[in-house]
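Structure file structure_31.pdb with PDB, C-alpha atoms:
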ATOM      1  CA  GLN A   1    -121.509-162.031 -25.113
ATOM      2  CA  VAL A   2    -123.284-165.230 -25.999
ATOM      3  CA  GLN A   3    -122.972-167.056 -29.279
ATOM      4  CA  LEU A   4    -125.811-169.352 -30.300
ATOM      5  CA  VAL A   5    -125.835-171.970 -33.032
ATOM      6  CA  GLU A   6    -128.954-173.930 -33.913
ATOM      7  CA  SER A   7    -129.165-177.307 -35.567
ATOM      8  CA  GLY A   8    -131.675-180.039 -36.164
ATOM      9  CA  GLY A   9    -134.043-178.406 -38.601
ATOM     10  CA  GLY A  10    -135.125-180.034 -41.819
ATOM     11  CA  LEU A  11    -137.996-181.401 -43.860
ATOM     12  CA  VAL A  12    -140.458-183.672 -42.116
ATOM     13  CA  GLN A  13    -143.885-185.032 -42.958
ATOM     14  CA  ALA A  14    -146.919-183.925 -41.025
ATOM     15  CA  GLY A  15    -147.218-185.957 -37.856
ATOM     16  CA  GLY A  16    -143.480-186.387 -37.579
ATOM     17  CA  SER A  17    -141.011-185.148 -34.991
ATOM     18  CA  LEU A  18    -137.886-183.042 -34.847
ATOM     19  CA  ARG A  19    -135.492-182.118 -32.087
ATOM     20  CA  LEU A  20    -133.816-178.761 -32.412
ATOM     21  CA  SER A  21    -130.592-178.013 -30.592
ATOM     22  CA  CYS A  22    -129.010-174.693 -29.698
ATOM     23  CA  ALA A  23    -125.405-174.690 -28.572
ATOM     24  CA  ALA A  24    -124.355-171.692 -26.496
ATOM     25  CA  SER A  25    -120.881-170.337 -25.857
ATOM     26  CA  GLY A  26    -119.211-167.263 -24.464
ATOM     27  CA  ARG A  27    -121.109-166.833 -21.193
ATOM     28  CA  THR A  28    -121.832-169.175 -18.345
ATOM     29  CA  PHE A  29    -124.851-171.033 -19.612
ATOM     30  CA  SER A  30    -126.525-171.188 -16.238
ATOM     31  CA  TYR A  31    -126.695-167.375 -16.149
ATOM     32  CA  VAL A  32    -129.012-167.056 -19.138
ATOM     33  CA  ALA A  33    -132.676-167.794 -19.690
ATOM     34  CA  MET A  34    -133.374-169.336 -23.067
ATOM     35  CA  GLY A  35    -136.149-169.306 -25.606
ATOM     36  CA  TRP A  36    -137.109-170.618 -29.010
ATOM     37  CA  PHE A  37    -138.798-168.333 -31.523
ATOM     38  CA  ARG A  38    -140.131-169.037 -34.957
ATOM     39  CA  GLN A  39    -140.931-166.831 -37.884
ATOM     40  CA  ALA A  40    -142.959-167.889 -40.879
ATOM     41  CA  PRO A  41    -142.840-165.873 -44.109
ATOM     42  CA  GLY A  42    -144.855-162.680 -43.800
ATOM     43  CA  LYS A  43    -145.472-163.156 -40.088
ATOM     44  CA  GLU A  44    -144.085-161.681 -36.907
ATOM     45  CA  PRO A  45    -141.681-163.727 -34.779
ATOM     46  CA  GLU A  46    -143.490-165.883 -32.273
ATOM     47  CA  LEU A  47    -142.178-167.252 -28.996
ATOM     48  CA  VAL A  48    -142.610-171.011 -29.158
ATOM     49  CA  ALA A  49    -141.144-172.025 -25.813
ATOM     50  CA  ALA A  50    -138.950-170.645 -23.062
ATOM     51  CA  ILE A  51    -137.079-172.017 -20.094
ATOM     52  CA  SER A  52    -135.766-170.353 -16.977
ATOM     53  CA  ARG A  53    -132.146-170.319 -15.904
ATOM     54  CA  GLY A  54    -132.613-173.138 -13.451
ATOM     55  CA  SER A  55    -134.931-175.151 -15.726
ATOM     56  CA  ALA A  56    -137.666-175.074 -13.107
ATOM     57  CA  TYR A  57    -140.028-173.002 -15.204
ATOM     58  CA  THR A  58    -141.092-173.315 -18.801
ATOM     59  CA  TYR A  59    -143.493-171.604 -21.145
ATOM     60  CA  TYR A  60    -145.166-172.835 -24.327
ATOM     61  CA  THR A  61    -147.278-171.010 -26.810
ATOM     62  CA  ASP A  62    -150.780-172.456 -26.920
ATOM     63  CA  SER A  63    -150.346-174.093 -30.315
ATOM     64  CA  MET A  64    -147.333-176.060 -29.067
ATOM     65  CA  LYS A  65    -148.614-177.165 -25.677
ATOM     66  CA  GLY A  66    -148.672-180.940 -25.457
ATOM     67  CA  ARG A  67    -146.628-181.259 -28.650
ATOM     68  CA  SER A  68    -143.295-179.861 -27.583
ATOM     69  CA  LEU A  69    -140.760-179.981 -24.795
ATOM     70  CA  ILE A  70    -138.032-177.468 -24.063
ATOM     71  CA  SER A  71    -135.076-178.581 -22.003
ATOM     72  CA  ARG A  72    -131.519-177.545 -21.284
ATOM     73  CA  ASP A  73    -128.330-179.419 -20.525
ATOM     74  CA  SER A  74    -125.840-177.335 -18.579
ATOM     75  CA  ALA A  75    -123.071-179.872 -19.070
ATOM     76  CA  LYS A  76    -123.372-179.402 -22.831
ATOM     77  CA  ASN A  77    -124.393-175.716 -22.791
ATOM     78  CA  THR A  78    -127.274-176.668 -25.018
ATOM     79  CA  VAL A  79    -131.000-176.053 -25.082
ATOM     80  CA  TYR A  80    -133.324-178.379 -26.941
ATOM     81  CA  LEU A  81    -136.774-178.151 -28.442
ATOM     82  CA  GLN A  82    -138.450-181.472 -29.053
ATOM     83  CA  MET A  83    -141.425-181.083 -31.371
ATOM     84  CA  ASN A  84    -143.911-183.855 -32.046
ATOM     85  CA  SER A  85    -147.044-184.238 -34.147
ATOM     86  CA  LEU A  86    -145.791-181.525 -36.450
ATOM     87  CA  LYS A  87    -148.226-179.685 -38.671
ATOM     88  CA  ALA A  88    -147.798-177.726 -41.861
ATOM     89  CA  GLU A  89    -148.424-174.532 -39.912
ATOM     90  CA  ASP A  90    -145.310-175.235 -37.834
ATOM     91  CA  THR A  91    -143.214-174.466 -40.901
ATOM     92  CA  ALA A  92    -140.904-171.572 -40.062
ATOM     93  CA  VAL A  93    -137.370-170.549 -39.291
ATOM     94  CA  TYR A  94    -136.705-171.464 -35.674
ATOM     95  CA  SER A  95    -134.214-169.397 -33.707
ATOM     96  CA  CYS A  96    -132.951-169.699 -30.186
ATOM     97  CA  ALA A  97    -132.334-166.685 -28.011
ATOM     98  CA  ALA A  98    -130.651-165.960 -24.694
ATOM     99  CA  SER A  99    -131.484-163.464 -21.998
ATOM    100  CA  GLU A 100    -128.945-162.495 -19.358
ATOM    101  CA  THR A 101    -131.289-160.007 -17.697
ATOM    102  CA  THR A 102    -134.153-162.338 -16.825
ATOM    103  CA  LEU A 103    -134.164-163.067 -13.132
ATOM    104  CA  PHE A 104    -133.515-166.564 -11.866
ATOM    105  CA  GLY A 105    -136.754-168.522 -11.769
ATOM    106  CA  ASN A 106    -138.448-166.475 -14.478
ATOM    107  CA  VAL A 107    -138.982-167.137 -18.152
ATOM    108  CA  ALA A 108    -138.544-164.423 -20.752
ATOM    109  CA  ARG A 109    -141.735-164.139 -22.803
ATOM    110  CA  SER A 110    -140.987-161.072 -24.885
ATOM    111  CA  LYS A 111    -138.425-160.900 -27.667
ATOM    112  CA  THR A 112    -137.290-157.579 -26.222
ATOM    113  CA  GLU A 113    -136.005-159.438 -23.171
ATOM    114  CA  TYR A 114    -133.507-161.378 -25.252
ATOM    115  CA  GLN A 115    -130.109-159.907 -26.062
ATOM    116  CA  TYR A 116    -128.591-162.700 -28.123
ATOM    117  CA  TRP A 117    -129.939-164.597 -31.096
ATOM    118  CA  GLY A 118    -128.867-167.460 -33.264
ATOM    119  CA  ARG A 119    -129.179-167.400 -37.025
ATOM    120  CA  GLY A 120    -131.983-169.901 -37.107
ATOM    121  CA  THR A 121    -132.722-173.270 -38.624
ATOM    122  CA  GLN A 122    -135.442-173.988 -41.174
ATOM    123  CA  VAL A 123    -138.226-176.383 -40.272
ATOM    124  CA  THR A 124    -140.488-177.426 -43.117
ATOM    125  CA  VAL A 125    -143.466-179.680 -42.513
ATOM    126  CA  SER A 126    -145.020-181.207 -45.598
ATOM    127  CA  SER A 127    -148.704-182.056 -45.545
TER     128      SER A 127
END
The structure given in the file should be rewritten as structure tokens.
Amino acid sequence: QVQLVESGGGLVQAGGSLRLSCAASGRTFSYVAMGWFRQAPGKEPELVAAISRGSAYTYYTDSMKGRSLISRDSAKNTVYLQMNSLKAEDTAVYSCAASETTLFGNVARSKTEYQYWGRGTQVTVSS
């Protein structure tokens, strides 16, 4: 079992930045691949970024490439999502997820690969 708790969401003006955090507990953090999803009202969940167990590999959705950075700190059992140059269309509930079945060195790109989910944190970007 893995418990995930997100923080760092909020209201920000367009062009601003936010850093989301996801604290994990209950399973050795290094054994799980991590991802950040977002879901806007009326839309399907979208994978924003993902990071492999060893941090060597990352994935970003096209709309977030160059504007975001996913990282993980094993000492703190925490994964981060730094988002810059935020746009109104980035408004969504952001949730972190953990996969204990993704092989070392791989990123999990499908939501079906993730077994554990946080409750999410709201990000609102005002234009």
Quiz item: So what does the PyMOL selection byres ((chain A and resi 48-62) around 12) actually pick up in this one, as a ChimeraX atom specification?
Solution: /A:20,28-39,45-47,63-74,77-83,90,92-111,113-114
Restrict the selected residues to C-alpha atoms and save them as a JSON list (two decimals), keeping the file's coordinate frame.
[["chain", "number", "residue", "atom", "x", "y", "z"],
["A", 20, "LEU", "CA", -133.82, -178.76, -32.41],
["A", 28, "THR", "CA", -121.83, -169.18, -18.34],
["A", 29, "PHE", "CA", -124.85, -171.03, -19.61],
["A", 30, "SER", "CA", -126.52, -171.19, -16.24],
["A", 31, "TYR", "CA", -126.70, -167.38, -16.15],
["A", 32, "VAL", "CA", -129.01, -167.06, -19.14],
["A", 33, "ALA", "CA", -132.68, -167.79, -19.69],
["A", 34, "MET", "CA", -133.37, -169.34, -23.07],
["A", 35, "GLY", "CA", -136.15, -169.31, -25.61],
["A", 36, "TRP", "CA", -137.11, -170.62, -29.01],
["A", 37, "PHE", "CA", -138.80, -168.33, -31.52],
["A", 38, "ARG", "CA", -140.13, -169.04, -34.96],
["A", 39, "GLN", "CA", -140.93, -166.83, -37.88],
["A", 45, "PRO", "CA", -141.68, -163.73, -34.78],
["A", 46, "GLU", "CA", -143.49, -165.88, -32.27],
["A", 47, "LEU", "CA", -142.18, -167.25, -29.00],
["A", 63, "SER", "CA", -150.35, -174.09, -30.32],
["A", 64, "MET", "CA", -147.33, -176.06, -29.07],
["A", 65, "LYS", "CA", -148.61, -177.16, -25.68],
["A", 66, "GLY", "CA", -148.67, -180.94, -25.46],
["A", 67, "ARG", "CA", -146.63, -181.26, -28.65],
["A", 68, "SER", "CA", -143.29, -179.86, -27.58],
["A", 69, "LEU", "CA", -140.76, -179.98, -24.80],
["A", 70, "ILE", "CA", -138.03, -177.47, -24.06],
["A", 71, "SER", "CA", -135.08, -178.58, -22.00],
["A", 72, "ARG", "CA", -131.52, -177.54, -21.28],
["A", 73, "ASP", "CA", -128.33, -179.42, -20.52],
["A", 74, "SER", "CA", -125.84, -177.34, -18.58],
["A", 77, "ASN", "CA", -124.39, -175.72, -22.79],
["A", 78, "THR", "CA", -127.27, -176.67, -25.02],
["A", 79, "VAL", "CA", -131.00, -176.05, -25.08],
["A", 80, "TYR", "CA", -133.32, -178.38, -26.94],
["A", 81, "LEU", "CA", -136.77, -178.15, -28.44],
["A", 82, "GLN", "CA", -138.45, -181.47, -29.05],
["A", 83, "MET", "CA", -141.43, -181.08, -31.37],
["A", 90, "ASP", "CA", -145.31, -175.24, -37.83],
["A", 92, "ALA", "CA", -140.90, -171.57, -40.06],
["A", 93, "VAL", "CA", -137.37, -170.55, -39.29],
["A", 94, "TYR", "CA", -136.71, -171.46, -35.67],
["A", 95, "SER", "CA", -134.21, -169.40, -33.71],
["A", 96, "CYS", "CA", -132.95, -169.70, -30.19],
["A", 97, "ALA", "CA", -132.33, -166.68, -28.01],
["A", 98, "ALA", "CA", -130.65, -165.96, -24.69],
["A", 99, "SER", "CA", -131.48, -163.46, -22.00],
["A", 100, "GLU", "CA", -128.94, -162.50, -19.36],
["A", 101, "THR", "CA", -131.29, -160.01, -17.70],
["A", 102, "THR", "CA", -134.15, -162.34, -16.82],
["A", 103, "LEU", "CA", -134.16, -163.07, -13.13],
["A", 104, "PHE", "CA", -133.51, -166.56, -11.87],
["A", 105, "GLY", "CA", -136.75, -168.52, -11.77],
["A", 106, "ASN", "CA", -138.45, -166.48, -14.48],
["A", 107, "VAL", "CA", -138.98, -167.14, -18.15],
["A", 108, "ALA", "CA", -138.54, -164.42, -20.75],
["A", 109, "ARG", "CA", -141.74, -164.14, -22.80],
["A", 110, "SER", "CA", -140.99, -161.07, -24.88],
["A", 111, "LYS", "CA", -138.43, -160.90, -27.67],
["A", 113, "GLU", "CA", -136.00, -159.44, -23.17],
["A", 114, "TYR", "CA", -133.51, -161.38, -25.25]]
Quiz item: Within 12 Å of (-147.4, -178.7, -37.6), in the coordinates the file gives, what residues turn up when you count all atoms listed in the file, written out as a PyMOL selection string?
Solution: chain A and resi 11-18+63-64+67-68+83-92+123-127
Quiz item: Could you state the separation of atom CA of Gly8 of chain A and atom CA of Ser21 of chain A in Å, given to one decimal place?
Solution: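 So the two atoms, atom CA of Gly8 of chain A and atom CA of Ser21 of chain A, lie 6.0 Å apart.
Interatomic distance, atom CA of Ala40 of chain A against atom CA of Gln1 of chain A: 27.3 Å.
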Quiz item: What do you get, as a list in words, if you spell out every residue that the PyMOL selection byres ((chain A and resi 5) around 7) selects here?
Solution: Gln3, Leu4, Glu6, Ser7, Cys22, Ala23, Ala24, Gly118 and Arg119 of chain A
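Of note, atom CA of Arg27 of chain A and atom CA of Gly120 of chain A are spaced 19.5 Å apart.
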Give the padded box for segment 20-33 of chain A as AutoDock Vina command-line options: axis-aligned, covering all atoms listed in the file, 8 Å on each side, centre and edge lengths in Å to one decimal.
--center_x -126.5 --center_y -172.8 --center_z -24.3 --size_x 30.6 --size_y 27.9 --size_z 32.3
